[in-house]
$ cat work-v3.cif   # mmCIF, C-alpha atoms
data_work
#
loop_
_atom_site.label_atom_id
_atom_site.label_comp_id
_atom_site.auth_asym_id
_atom_site.auth_seq_id
_atom_site.Cartn_x
_atom_site.Cartn_y
_atom_site.Cartn_z
CA MET A 514 55.50 53.95 101.64
CA SER A 515 54.04 50.45 101.59
CA GLY A 516 52.06 48.90 98.75
CA PRO A 517 51.84 49.40 94.98
CA LEU A 518 50.54 52.64 93.52
CA LYS A 519 47.78 51.93 90.97
CA MET A 520 45.86 55.19 90.86
CA GLN A 521 44.67 57.77 88.43
CA GLN A 522 46.94 60.81 88.37
CA THR A 523 44.19 63.35 89.02
CA SER A 524 43.11 65.37 92.01
CA ARG A 525 39.60 66.79 92.38
CA TRP A 526 40.34 69.12 95.28
CA SER A 527 42.73 71.92 96.24
CA PRO A 528 45.21 71.31 99.08
CA GLN A 529 45.97 75.04 99.07
CA MET A 530 42.33 75.85 99.85
CA VAL A 531 42.39 73.41 102.79
CA SER A 532 45.64 74.89 104.11
CA GLU A 533 44.23 78.42 103.79
CA TRP A 534 41.11 77.32 105.68
CA LEU A 535 43.27 75.81 108.45
CA LEU A 536 45.23 79.05 108.85
CA ARG A 537 42.22 81.33 108.51
CA GLU A 538 39.54 79.41 110.45
CA GLY A 539 40.55 75.92 111.47
CA ARG A 540 43.18 76.96 114.00
CA PHE A 541 40.57 78.90 115.95
CA GLN A 542 38.49 75.81 116.68
CA PRO A 543 38.20 75.29 120.46
CA ASP A 544 39.99 71.91 120.61
CA LEU A 545 41.47 69.11 118.54
CA GLU A 546 38.16 67.24 118.37
CA ALA A 547 36.56 70.26 116.70
CA ILE A 548 39.55 70.76 114.39
CA VAL A 549 39.51 67.15 113.15
CA CYS A 550 35.75 67.20 112.64
CA ALA A 551 35.84 70.52 110.76
CA LEU A 552 38.85 69.39 108.69
CA GLY A 553 37.06 66.21 107.63
CA LYS A 554 33.95 68.15 106.58
CA THR A 555 36.07 70.70 104.70
CA LEU A 556 37.91 67.99 102.77
CA VAL A 557 34.63 66.32 101.81
CA SER A 558 33.08 69.66 100.79
CA LEU A 559 36.01 70.15 98.40
CA ASN A 560 35.52 66.63 96.94
CA ALA A 561 38.55 65.00 98.54
CA PRO A 562 37.86 61.22 98.59
CA VAL A 563 38.16 60.95 102.39
CA ALA A 564 35.86 58.70 104.41
CA ARG A 565 37.69 58.76 107.73
CA LEU A 566 40.31 60.85 109.55
CA ARG A 567 42.29 59.88 112.59
CA LEU A 568 44.66 62.17 114.48
CA SER A 569 46.87 60.30 116.99
CA VAL A 570 48.88 62.33 119.48
CA ARG A 571 51.34 61.32 122.19
CA THR A 572 50.81 63.36 125.34
CA LEU A 573 52.07 63.98 128.86
CA HIS A 574 49.50 62.79 131.38
CA PRO A 575 49.68 60.63 134.52
CA LEU A 576 47.08 58.19 133.17
CA ILE A 577 47.09 58.64 129.38
CA ALA A 578 50.02 57.95 127.03
CA ALA A 579 48.25 58.95 123.82
CA TYR A 580 44.86 59.83 122.46
CA SER A 581 43.22 59.63 119.06
CA VAL A 582 40.56 61.85 117.56
CA ILE A 583 38.51 59.99 114.94
CA TRP A 584 36.06 61.49 112.45
CA GLU A 585 33.95 59.58 109.92
CA ARG A 586 32.13 61.03 106.93
CA GLY A 587 28.52 61.84 107.76
CA LYS A 588 29.20 62.29 111.48
CA ASP A 589 28.65 65.65 113.15
CA GLN A 590 31.20 65.01 115.88
CA ALA A 591 34.52 63.29 116.28
CA ARG A 592 35.13 60.70 118.98
CA VAL A 593 38.15 60.36 121.24
CA ASN A 594 40.00 57.16 122.17
CA LYS A 595 42.51 57.26 125.03
CA ALA A 596 45.41 54.82 125.43
CA ALA A 597 46.87 54.11 128.86
CA HIS A 598 50.59 53.90 129.54
CA GLY A 599 52.04 50.62 128.33
CA LEU A 600 50.42 50.74 124.89
CA GLU A 601 53.86 50.24 123.30
CA GLY A 602 53.77 46.63 124.46
CA SER A 603 50.27 45.85 123.20
CA SER A 604 49.46 43.85 120.07
CA ALA A 605 47.22 46.68 118.92
CA TYR A 606 50.32 48.88 118.63
CA ILE A 607 53.23 46.57 117.79
CA GLY A 608 53.55 46.25 114.02
CA SER A 609 50.74 48.72 113.36
CA PRO A 610 50.98 51.53 110.81
CA ILE A 611 51.07 54.07 113.65
CA GLU A 612 53.97 52.22 115.26
CA PHE A 613 55.81 52.27 111.91
CA ILE A 614 55.24 56.02 111.44
CA SER A 615 56.24 56.82 115.03
CA ARG A 616 59.37 54.66 114.87
CA THR A 617 60.64 55.72 111.45
CA GLY A 618 59.18 59.20 110.99
CA MET A 619 58.16 58.08 107.49
CA PRO A 620 54.72 57.99 105.81
CA PHE A 621 52.87 54.68 105.53
CA ARG A 622 50.71 53.66 102.56
CA LYS A 623 48.61 50.54 102.02
CA ARG A 624 46.00 49.80 99.36
CA LEU A 625 43.16 47.87 100.97
CA ASP A 626 41.27 46.99 97.80
CA GLU A 627 43.81 44.21 97.32
CA THR A 628 44.35 40.95 99.20
CA LEU A 629 46.03 41.35 102.57
CA SER A 630 48.37 38.77 104.05
CA ALA A 631 48.74 37.41 107.57
CA ASP A 632 51.74 39.73 107.97
CA ASP A 633 49.54 42.81 107.61
CA HIS A 634 48.46 44.26 110.95
CA GLU A 635 45.03 43.42 112.29
CA ILE A 636 43.88 47.06 112.05
CA LEU A 637 44.32 46.91 108.27
CA HIS A 638 42.19 43.76 108.09
CA GLU A 639 39.52 45.42 110.23
CA LEU A 640 39.43 48.54 108.06
CA GLN A 641 39.29 46.44 104.89
CA ALA A 642 36.32 44.55 106.31
CA ALA A 643 34.65 47.91 107.03
CA GLY A 644 34.92 48.90 103.37
CA VAL A 645 38.09 51.01 103.44
CA THR A 646 39.96 50.88 100.13
CA ASP A 647 43.04 52.98 100.90
CA TYR A 648 45.14 53.88 103.95
CA VAL A 649 47.56 56.81 104.15
CA GLY A 650 49.39 57.70 107.37
CA LEU A 651 51.50 60.84 107.65
CA PRO A 652 53.75 62.07 110.47
CA LEU A 653 53.05 65.52 111.90
CA ARG A 654 56.44 66.79 113.01
CA PHE A 655 56.50 69.01 116.09
CA SER A 656 59.22 71.48 116.99
CA LYS A 657 59.86 69.64 120.27
CA GLY A 658 59.53 66.00 121.19
CA ARG A 659 56.15 64.32 120.90
CA ASN A 660 54.96 64.00 117.33
CA ALA A 661 51.51 63.18 115.99
CA ASN A 662 50.15 61.10 113.12
CA LEU A 663 47.40 61.92 110.64
CA ILE A 664 45.62 58.90 109.13
CA LEU A 665 43.35 59.24 106.10
CA ASN A 666 41.11 56.48 104.72
CA SER A 667 39.11 56.27 101.52
CA GLN A 668 36.15 54.05 100.69
CA GLU A 669 36.02 54.91 97.01
CA ALA A 670 36.94 52.52 94.22
CA GLY A 671 40.55 53.19 93.32
CA GLY A 672 41.26 54.91 96.61
CA PHE A 673 43.53 57.94 96.57
CA SER A 674 45.50 59.23 93.59
CA ASP A 675 49.16 60.19 93.81
CA LEU A 676 48.09 63.84 93.68
CA ASP A 677 45.68 63.21 96.56
CA VAL A 678 48.54 61.87 98.66
CA GLU A 679 50.76 64.82 97.74
CA GLY A 680 47.91 67.13 98.71
CA PHE A 681 47.50 65.41 102.08
CA GLU A 682 51.22 66.00 102.72
CA VAL A 683 50.68 69.73 102.13
CA VAL A 684 47.72 69.71 104.53
CA ALA A 685 49.74 67.78 107.13
CA GLU A 686 52.53 70.37 107.07
CA THR A 687 50.01 73.14 107.74
CA LEU A 688 48.18 71.11 110.38
CA ALA A 689 51.27 70.11 112.40
CA PRO A 690 51.98 73.43 114.22
CA ILE A 691 48.26 73.88 114.92
CA VAL A 692 48.05 70.43 116.52
CA GLU A 693 51.28 71.11 118.44
CA ALA A 694 49.86 74.31 119.91
CA HIS A 695 46.58 72.68 120.93
CA ASN A 696 48.41 69.67 122.36
CA ALA A 697 50.65 71.96 124.43
CA THR A 698 47.52 73.56 125.89
CA LYS A 699 46.11 70.13 126.63
CA ILE A 700 49.34 69.04 128.33
CA SER A 701 49.40 72.23 130.42
CA GLY A 702 45.88 71.49 131.61
CA ALA A 703 46.75 67.88 132.44
CA ILE A 704 49.82 68.94 134.43
CA ALA A 705 47.87 71.62 136.27
CA ASP A 706 45.12 69.11 137.12
CA ALA A 707 47.63 66.50 138.31
CA TYR A 708 49.74 68.79 140.49
CA LEU A 709 47.22 71.45 141.55
CA GLY A 710 43.75 69.95 141.12
CA PRO A 711 41.11 70.89 138.54
CA ARG A 712 39.75 74.05 140.23
CA THR A 713 43.12 75.43 141.26
CA GLY A 714 44.74 74.37 137.99
CA ARG A 715 42.18 76.33 135.98
CA LEU A 716 42.80 79.43 138.10
CA VAL A 717 46.55 79.23 137.52
CA LEU A 718 46.14 78.69 133.76
CA ASP A 719 43.75 81.64 133.67
CA GLY A 720 46.51 83.88 135.01
CA ARG A 721 46.27 83.67 138.79
CA ILE A 722 50.06 83.46 139.21
CA THR A 723 50.91 86.65 141.10
CA ARG A 724 52.19 86.40 144.66
CA GLY A 725 49.58 87.82 147.01
CA ASP A 726 46.73 87.09 144.59
CA ILE A 727 44.54 85.80 147.42
CA GLN A 728 40.81 85.51 147.98
CA LYS A 729 38.89 84.72 151.13
CA ILE A 730 36.56 81.77 150.77
CA ASN A 731 34.50 79.64 153.10
CA ALA A 732 35.19 75.94 152.85
CA ALA A 733 34.96 72.62 154.57
CA ILE A 734 38.54 71.57 155.29
CA PHE A 735 39.61 67.93 155.14
CA VAL A 736 42.92 66.89 156.72
CA SER A 737 44.14 63.31 156.88
CA ASP A 738 47.32 61.36 157.50
CA ILE A 739 48.45 57.76 157.81
CA ARG A 740 48.56 56.23 161.28
CA ASP A 741 51.98 55.09 162.54
CA TRP A 742 53.81 56.15 159.37
CA THR A 743 57.17 56.07 161.17
CA GLY A 744 56.52 52.54 162.40
CA LEU A 745 55.43 51.40 158.93
CA ASN A 746 58.68 52.70 157.47
CA ASN A 747 60.62 50.77 160.08
CA ARG A 748 58.78 47.55 159.28
CA MET A 749 58.59 47.87 155.47
CA CYS A 750 61.18 48.21 152.78
CA ALA A 751 61.15 51.49 150.83
CA ASP A 752 59.19 50.06 147.89
CA GLU A 753 56.51 48.59 150.18
CA ALA A 754 56.15 51.85 152.08
CA LEU A 755 55.83 53.77 148.81
CA SER A 756 53.18 51.35 147.55
CA HIS A 757 51.29 51.68 150.85
CA ALA A 758 51.39 55.49 150.64
CA ASN A 759 50.21 55.49 147.02
CA ARG A 760 47.25 53.23 147.89
CA TYR A 761 46.32 55.66 150.64
CA PHE A 762 46.66 58.76 148.44
CA GLU A 763 44.61 57.15 145.67
CA LEU A 764 41.85 56.11 148.05
CA ILE A 765 41.63 59.58 149.65
CA ALA A 766 41.79 61.39 146.28
CA HIS A 767 38.97 59.29 144.81
CA ALA A 768 36.78 59.88 147.87
CA VAL A 769 37.40 63.64 147.81
CA GLU A 770 36.94 64.04 144.06
CA ASP A 771 33.86 61.79 143.97
CA ASN A 772 32.19 64.25 146.36
CA ASP A 773 33.07 67.56 144.67
CA GLY A 774 36.15 68.32 146.74
CA GLU A 775 39.67 69.07 145.64
CA VAL A 776 42.94 67.71 146.95
CA LEU A 777 45.28 70.67 147.37
CA LYS A 778 48.33 69.10 148.96
CA LEU A 779 50.02 65.78 149.53
CA ILE A 780 52.19 66.62 152.53
CA GLY A 781 54.49 63.77 153.48
CA ASP A 782 52.05 61.09 154.59
CA GLY A 783 49.13 63.51 154.78
CA VAL A 784 46.47 65.10 152.58
CA LEU A 785 44.91 68.57 152.65
CA ALA A 786 41.66 68.94 150.72
CA ILE A 787 38.91 71.54 150.56
CA PHE A 788 35.21 71.60 149.73
CA PRO A 789 34.60 75.27 148.87
CA THR A 790 31.29 77.07 149.02
CA SER A 791 30.24 79.27 146.12
CA ALA A 792 27.61 81.94 145.59
CA GLU A 793 26.14 79.98 142.69
CA THR A 794 25.96 76.36 143.86
CA GLU A 795 27.64 75.21 147.05
CA THR A 796 26.22 76.21 150.42
CA ALA A 797 27.99 75.58 153.71
CA GLU A 798 25.60 72.70 154.32
CA ALA A 799 26.38 71.14 150.94
CA ALA A 800 30.14 71.57 151.38
CA CYS A 801 30.11 69.95 154.83
CA ALA A 802 27.81 67.14 153.69
CA ASN A 803 30.16 66.39 150.81
CA ALA A 804 33.22 66.44 153.07
CA LEU A 805 31.54 64.02 155.49
CA LYS A 806 30.53 61.72 152.63
CA ALA A 807 34.11 61.74 151.37
CA ALA A 808 35.45 60.86 154.82
CA ARG A 809 32.97 58.02 155.27
CA GLN A 810 33.68 56.68 151.77
CA ALA A 811 37.43 56.67 152.39
CA LEU A 812 37.13 54.92 155.74
CA GLN A 813 34.70 52.34 154.39
CA LEU A 814 36.94 51.47 151.44
CA ALA A 815 39.94 51.17 153.76
CA SER A 816 38.36 48.41 155.83
CA PRO A 817 40.49 45.23 155.94
CA ALA A 818 37.63 43.17 154.45
CA SER A 819 38.03 44.99 151.11
CA ASP A 820 41.81 45.20 151.07
CA ASP A 821 42.76 42.15 148.94
CA GLY A 822 45.20 40.81 151.50
CA ALA A 823 47.43 43.90 151.55
CA ASP A 824 48.34 45.63 154.79
CA PRO A 825 45.22 47.50 155.97
CA LEU A 826 45.19 51.24 155.49
CA ARG A 827 44.81 53.06 158.80
CA PHE A 828 44.49 56.81 158.86
CA GLY A 829 42.75 59.65 160.65
CA ILE A 830 40.51 62.34 159.16
CA ALA A 831 39.62 65.72 160.62
CA LEU A 832 36.93 68.05 159.27
CA HIS A 833 36.38 71.72 160.01
CA PHE A 834 34.49 74.60 158.40
CA GLY A 835 35.61 78.20 158.22
CA GLU A 836 37.14 81.04 156.27
CA VAL A 837 40.48 80.45 154.57
CA LEU A 838 42.88 82.45 152.43
CA TYR A 839 43.01 80.76 149.03
CA GLY A 840 45.69 81.72 146.51
CA ASN A 841 49.37 82.32 145.84
CA VAL A 842 51.99 82.54 148.56
CA GLY A 843 55.75 82.17 148.46
CA SER A 844 58.82 83.98 147.20
CA ALA A 845 59.07 86.19 144.15
CA SER A 846 60.23 83.26 142.01
CA ARG A 847 58.72 80.20 143.75
CA LEU A 848 54.98 80.15 144.43
CA ASP A 849 52.54 77.77 146.03
CA PHE A 850 48.78 77.82 145.50
CA THR A 851 47.29 76.78 148.82
CA VAL A 852 44.97 77.65 151.68
CA LEU A 853 46.07 79.39 154.85
CA GLY A 854 44.43 80.63 157.99
CA GLN A 855 43.22 79.71 161.43
CA ALA A 856 40.62 77.29 160.04
CA VAL A 857 43.37 75.19 158.41
CA ASN A 858 45.36 75.16 161.64
CA ILE A 859 42.33 74.01 163.63
CA ALA A 860 41.66 71.16 161.20
CA ALA A 861 45.29 70.04 161.44
CA ARG A 862 45.22 70.15 165.26
CA ILE A 863 42.03 68.09 165.37
CA GLU A 864 43.52 65.50 163.04
CA GLY A 865 46.42 65.16 165.44
CA LEU A 866 43.92 63.99 168.09
CA CYS A 867 42.66 61.03 166.03
CA ARG A 868 45.40 58.76 167.34
CA ASP A 869 45.22 59.99 170.94
CA LEU A 870 41.43 59.61 171.09
CA ASP A 871 41.44 56.39 169.02
CA GLU A 872 38.93 57.79 166.53
CA ALA A 873 39.29 57.58 162.77
CA LEU A 874 37.05 60.61 162.15
CA LEU A 875 36.81 63.81 164.19
CA PHE A 876 35.33 67.22 163.48
CA SER A 877 34.70 70.60 165.05
CA PRO A 878 31.44 72.20 166.30
CA ASP A 879 31.67 74.69 163.41
CA PHE A 880 31.58 71.76 161.00
CA ALA A 881 28.84 69.94 162.93
CA SER A 882 26.62 73.04 162.90
CA HIS A 883 26.15 72.65 159.13
CA LEU A 884 25.29 68.93 159.23
CA ASP A 885 21.93 67.20 159.27
CA ALA A 886 23.62 64.14 160.78
CA ARG A 887 23.76 63.75 164.56
CA SER A 888 27.10 64.17 166.31
CA ARG A 889 28.66 62.53 169.35
CA LEU A 890 30.94 64.30 171.81
CA VAL A 891 34.31 62.57 172.04
CA ALA A 892 36.27 65.01 174.21
CA ARG A 893 36.83 68.62 175.18
CA GLN A 894 40.33 69.70 174.28
CA SER A 895 42.49 72.81 174.25
CA LEU A 896 44.18 72.83 170.86
CA LYS A 897 47.76 74.07 170.58
CA GLY A 898 47.67 77.78 169.87
CA HIS A 899 43.99 78.01 170.82
CA PRO A 900 43.59 78.45 174.59
CA GLN A 901 39.85 77.91 174.80
CA GLU A 902 38.57 74.36 175.08
CA MET A 903 36.81 72.99 172.02
CA GLU A 904 34.34 70.17 171.75
CA ILE A 905 35.77 67.39 169.59
CA LEU A 906 32.99 65.48 167.84
CA THR A 907 32.38 62.51 165.60
CA VAL A 908 29.33 61.01 163.93
CA ALA A 909 26.77 59.50 166.28
#
$ encode --input "work-v3.cif" --output "structure tokens"
Amino acid sequence: MSGPLKMQQTSRWSPQMVSEWLLREGRFQPDLEAIVCALGKTLVSLNAPVARLRLSVRTLHPLIAAYSVIWERGKDQARVNKAAHGLEGSSAYIGSPIEFISRTGMPFRKRLDETLSADDHEILHELQAAGVTDYVGLPLRFSKGRNANLILNSQEAGGFSDLDVEGFEVVAETLAPIVEAHNATKISGAIADAYLGPRTGRLVLDGRITRGDIQKINAAIFVSDIRDWTGLNNRMCADEALSHANRYFELIAHAVEDNDGEVLKLIGDGVLAIFPTSAETETAEAACANALKAARQALQLASPASDDGADPLRFGIALHFGEVLYGNVGSASRLDFTVLGQAVNIAARIEGLCRDLDEALLFSPDFASHLDARSRLVARQSLKGHPQEMEILTVA
């Protein structure tokens, strides 16, 4: 621990009562925000001299390296701060108490009712200026990998007593497995969102993991791929081609998600997304309107004028509407959650015409029938596997 200990050797609250509350009630809170908020209120109700709690947790997420849940006395809710990857190199982290705890696995203690030096981290100066008199940081040790930190602050004269700190260590030991379990659930959700999409990820986490667990749904189907991907790979080095593909995937994903769709698959240089209908909210007209808005948004953002000097993104998009099989397919031990059916095949065949017809956006009559927007006939084509000619349309 850091800093001298000049405290009364008394404790006004019972760590055992807090631990019992955590095991009896606290662990059933819906999430970590609720747990931290309820823990802070419970400590205060038992006369623990706590003005502020902070729970910092490392996580596994494509965008977020760690998050903190912060509760302050008198507040009904906790707030959440998220830190992007790369925080280890920031001045806010280097030399901070949290960095010390994470690096050493040891507690950190600093009295803030005494003069701080220039060597003390900026967060300690900020807390002192906000009226904090004592800082205690404790590691929460998980059974596997990523640990967490519990930070407690006091604003009372004299800060925490030695018995207070010993009591917080008892609470931290009880809290650690509860935080680990909730964090594992949070990580599972983040992984499911990243690899499956939010709708599909929720279904899988809710137990839809049996092969053949399929439902029939109506959806607008969005299929896209990069133009001349083979030629780009011949002209670019591997890193440049990867960067180009990632720009394309990010642009398409944002357009789809901004308009209530879900990206199901990244297939080589292509994307499969759906805009499902539902009995409660989404009609066929709404699903098709959203799919068309997503396509237009993606194509507009890909224009060379907005591309910051990088190679322009060129891709085709096909839209279709129909019934698909949505669910689990695969072997007994290796499953894929996807959409299958004739409607998906038609969308893929239409997308293959974008290059031949020199159109960035094409769609089927079934899709056009649900649009308010006017359509323009581009061609009549027999699609592979579908002997009858189909009108191939685009926006007027």
$ atom_distance --input "work-v3.cif" --atom1 "atom CA of A:Phe735" --atom2 "atom CA of A:Phe788"
7.9 Å
$ closest_atom_pairs --input "work-v3.cif" --of "stretch 658-702 of chain A" --to "stretch 623-630 of chain A" --cutoff "9 Å" --atoms "all atoms listed in the file" --output "tab-separated table"
residue	atom	partner	partner_atom	distance
A:Ala670	CA	A:Asp626	CA	7.9
A:Gly671	CA	A:Asp626	CA	7.7
A:Gly672	CA	A:Arg624	CA	7.5
A:Phe673	CA	A:Arg624	CA	9.0
$ resolve_selection --input "work-v3.cif" --expression "the PyMOL selection byres ((chain A and resi 652) around 7)" --output "PyMOL selection string"
chain A and resi 614+618-620+650-651+653-654+661-663
$ residues_around --input "work-v3.cif" --residues "stretch 739-752 of chain A" --least-positions-apart "4" --cutoff "6 Å" --atoms "all atoms listed in the file" --output "list in words"
Asp782, Arg827 and Phe828 of chain A
$ resolve_selection --input "work-v3.cif" --expression "the PyMOL selection byres ((chain A and resi 555-572) around 8)" --output "PyMOL selection string"
chain A and resi 524-527+531+549+551-554+573-574+577-586+659-669+672-673+677+696+700
$ atom_distance --input "work-v3.cif" --atom1 "atom CA of A:Gln542" --atom2 "atom CA of A:Phe621"
27.9 Å
$ atom_distance --input "work-v3.cif" --atom1 "atom CA of A:Glu635" --atom2 "atom CA of A:Ala605"
7.7 Å
$ closest_residue --input "work-v3.cif" --among "A:Gly898, A:Gly781, A:Pro690, A:Gly725" --to "A:Gly843" --atoms "only C-alpha atoms"
A:Gly725
$ residues_around --input "work-v3.cif" --residues "A:Arg724" --least-positions-apart "4" --cutoff "9 Å" --atoms "all atoms listed in the file" --output "ChimeraX atom specification"
/A:840-845,848-849
$ residues_around --input "work-v3.cif" --residues "A:Leu688" --least-positions-apart "6" --cutoff "9 Å" --atoms "all atoms listed in the file" --output "list in words"
Ser532, Leu535, Leu536, Arg540 and Leu653 of chain A
$ closest_residue --input "work-v3.cif" --among "A:Glu798, A:Val684, A:Ile859, A:Leu718" --to "A:Ser895" --atoms "all atoms listed in the file"
A:Ile859
$ closest_residue --input "work-v3.cif" --among "A:Thr723, A:Ser674, A:Thr713, A:Ser604" --to "A:Tyr839" --atoms "only C-alpha atoms"
A:Thr713
$ residues_near_point --input "work-v3.cif" --point "(46.4, 73.4, 139.7)" --cutoff "12 Å" --atoms "only C-alpha atoms" --output "MDAnalysis selection string"
chainID A and resid 701:722 775:778 840:841 848:851
$ residues_around --input "work-v3.cif" --residues "stretch 887-892 of chain A" --least-positions-apart "4" --cutoff "9 Å" --atoms "only C-alpha atoms" --output "short mmCIF file (atom, residue, chain, number, x, y, z; two decimals) with C-alpha atoms, keeping the file's coordinate frame"
data_model
loop_
_atom_site.label_atom_id
_atom_site.label_comp_id
_atom_site.auth_asym_id
_atom_site.auth_seq_id
_atom_site.Cartn_x
_atom_site.Cartn_y
_atom_site.Cartn_z
CA LEU A 870 41.43 59.61 171.09
CA GLU A 872 38.93 57.79 166.53
CA LEU A 875 36.81 63.81 164.19
CA ALA A 881 28.84 69.94 162.93
CA MET A 903 36.81 72.99 172.02
CA GLU A 904 34.34 70.17 171.75
CA ILE A 905 35.77 67.39 169.59
CA LEU A 906 32.99 65.48 167.84
CA THR A 907 32.38 62.51 165.60
CA VAL A 908 29.33 61.01 163.93
CA ALA A 909 26.77 59.50 166.28
#
$ closest_residue --input "work-v3.cif" --among "A:Phe613, A:Tyr761, A:Trp534, A:Phe876" --to "A:Ile830" --atoms "all atoms listed in the file"
A:Phe876
$ closest_residue --input "work-v3.cif" --among "A:Arg537, A:His833, A:Lys729, A:Lys595" --to "A:Ile691" --atoms "all atoms listed in the file"
A:Arg537
$ closest_residue --input "work-v3.cif" --among "A:Ala547, A:Val645, A:Leu853, A:Ala831" --to "A:Pro878" --atoms "all atoms listed in the file"
A:Ala831
$ residues_around --input "work-v3.cif" --residues "A:Leu764" --least-positions-apart "5" --cutoff "12 Å" --atoms "only C-alpha atoms" --output "JSON, numbers by chain"
{"A": [737, 739, 757, 758, 759, 769, 770, 771, 776, 784, 807, 808, 809, 810, 811, 812, 813, 814, 815, 816, 820, 826, 827, 828]}
$ resolve_selection --input "work-v3.cif" --expression "the PyMOL selection byres ((chain A and resi 590) around 8)" --output "list in words"
Glu546, Ala547, Cys550, Trp584, Lys588, Asp589, Ala591 and Arg592 of chain A
$ decode --input "work-v3.cif" --residues "stretch 608-625 of chain A" --atoms "N, CA and C atoms" --output "CSV table (one decimal), in the first residue's frame"
chain,number,residue,atom,x,y,z
A,608,GLY,N,1.0,4.9,-14.9
A,608,GLY,CA,1.3,5.5,-13.6
A,608,GLY,C,0.1,5.7,-12.7
A,609,SER,N,-1.1,5.3,-13.1
A,609,SER,CA,-2.3,5.5,-12.3
A,609,SER,C,-2.4,4.4,-11.3
A,610,PRO,N,-3.2,4.6,-10.3
A,610,PRO,CA,-3.4,3.5,-9.3
A,610,PRO,C,-3.9,2.2,-9.9
A,611,ILE,N,-4.8,2.3,-10.9
A,611,ILE,CA,-5.3,1.1,-11.6
A,611,ILE,C,-4.2,0.4,-12.3
A,612,GLU,N,-3.3,1.1,-13.0
A,612,GLU,CA,-2.2,0.5,-13.6
A,612,GLU,C,-1.3,-0.2,-12.6
A,613,PHE,N,-1.1,0.4,-11.4
A,613,PHE,CA,-0.3,-0.3,-10.4
A,613,PHE,C,-1.0,-1.6,-9.9
A,614,ILE,N,-2.3,-1.5,-9.7
A,614,ILE,CA,-3.0,-2.7,-9.2
A,614,ILE,C,-3.0,-3.8,-10.2
A,615,SER,N,-3.2,-3.4,-11.5
A,615,SER,CA,-3.3,-4.4,-12.6
A,615,SER,C,-1.9,-5.0,-12.8
A,616,ARG,N,-0.8,-4.2,-12.7
A,616,ARG,CA,0.5,-4.7,-13.0
A,616,ARG,C,1.0,-5.6,-11.8
A,617,THR,N,0.8,-5.2,-10.6
A,617,THR,CA,1.4,-5.9,-9.4
A,617,THR,C,0.4,-6.9,-8.8
A,618,GLY,N,-0.9,-6.7,-9.0
A,618,GLY,CA,-1.8,-7.6,-8.2
A,618,GLY,C,-1.9,-7.2,-6.8
A,619,MET,N,-1.4,-6.0,-6.4
A,619,MET,CA,-1.4,-5.6,-5.0
A,619,MET,C,-2.4,-4.5,-4.8
A,620,PRO,N,-2.9,-4.3,-3.5
A,620,PRO,CA,-3.7,-3.1,-3.2
A,620,PRO,C,-2.9,-1.8,-3.4
A,621,PHE,N,-3.7,-0.7,-3.5
A,621,PHE,CA,-3.1,0.6,-3.6
A,621,PHE,C,-3.8,1.5,-2.6
A,622,ARG,N,-3.1,2.3,-1.8
A,622,ARG,CA,-3.7,3.1,-0.8
A,622,ARG,C,-3.0,4.5,-0.9
A,623,LYS,N,-3.8,5.6,-0.8
A,623,LYS,CA,-3.3,6.9,-0.8
A,623,LYS,C,-4.2,7.8,0.0
A,624,ARG,N,-3.7,8.5,1.0
A,624,ARG,CA,-4.4,9.5,1.7
A,624,ARG,C,-4.4,10.8,0.9
A,625,LEU,N,-5.6,11.3,0.7
A,625,LEU,CA,-5.7,12.5,-0.1
A,625,LEU,C,-6.0,13.8,0.7
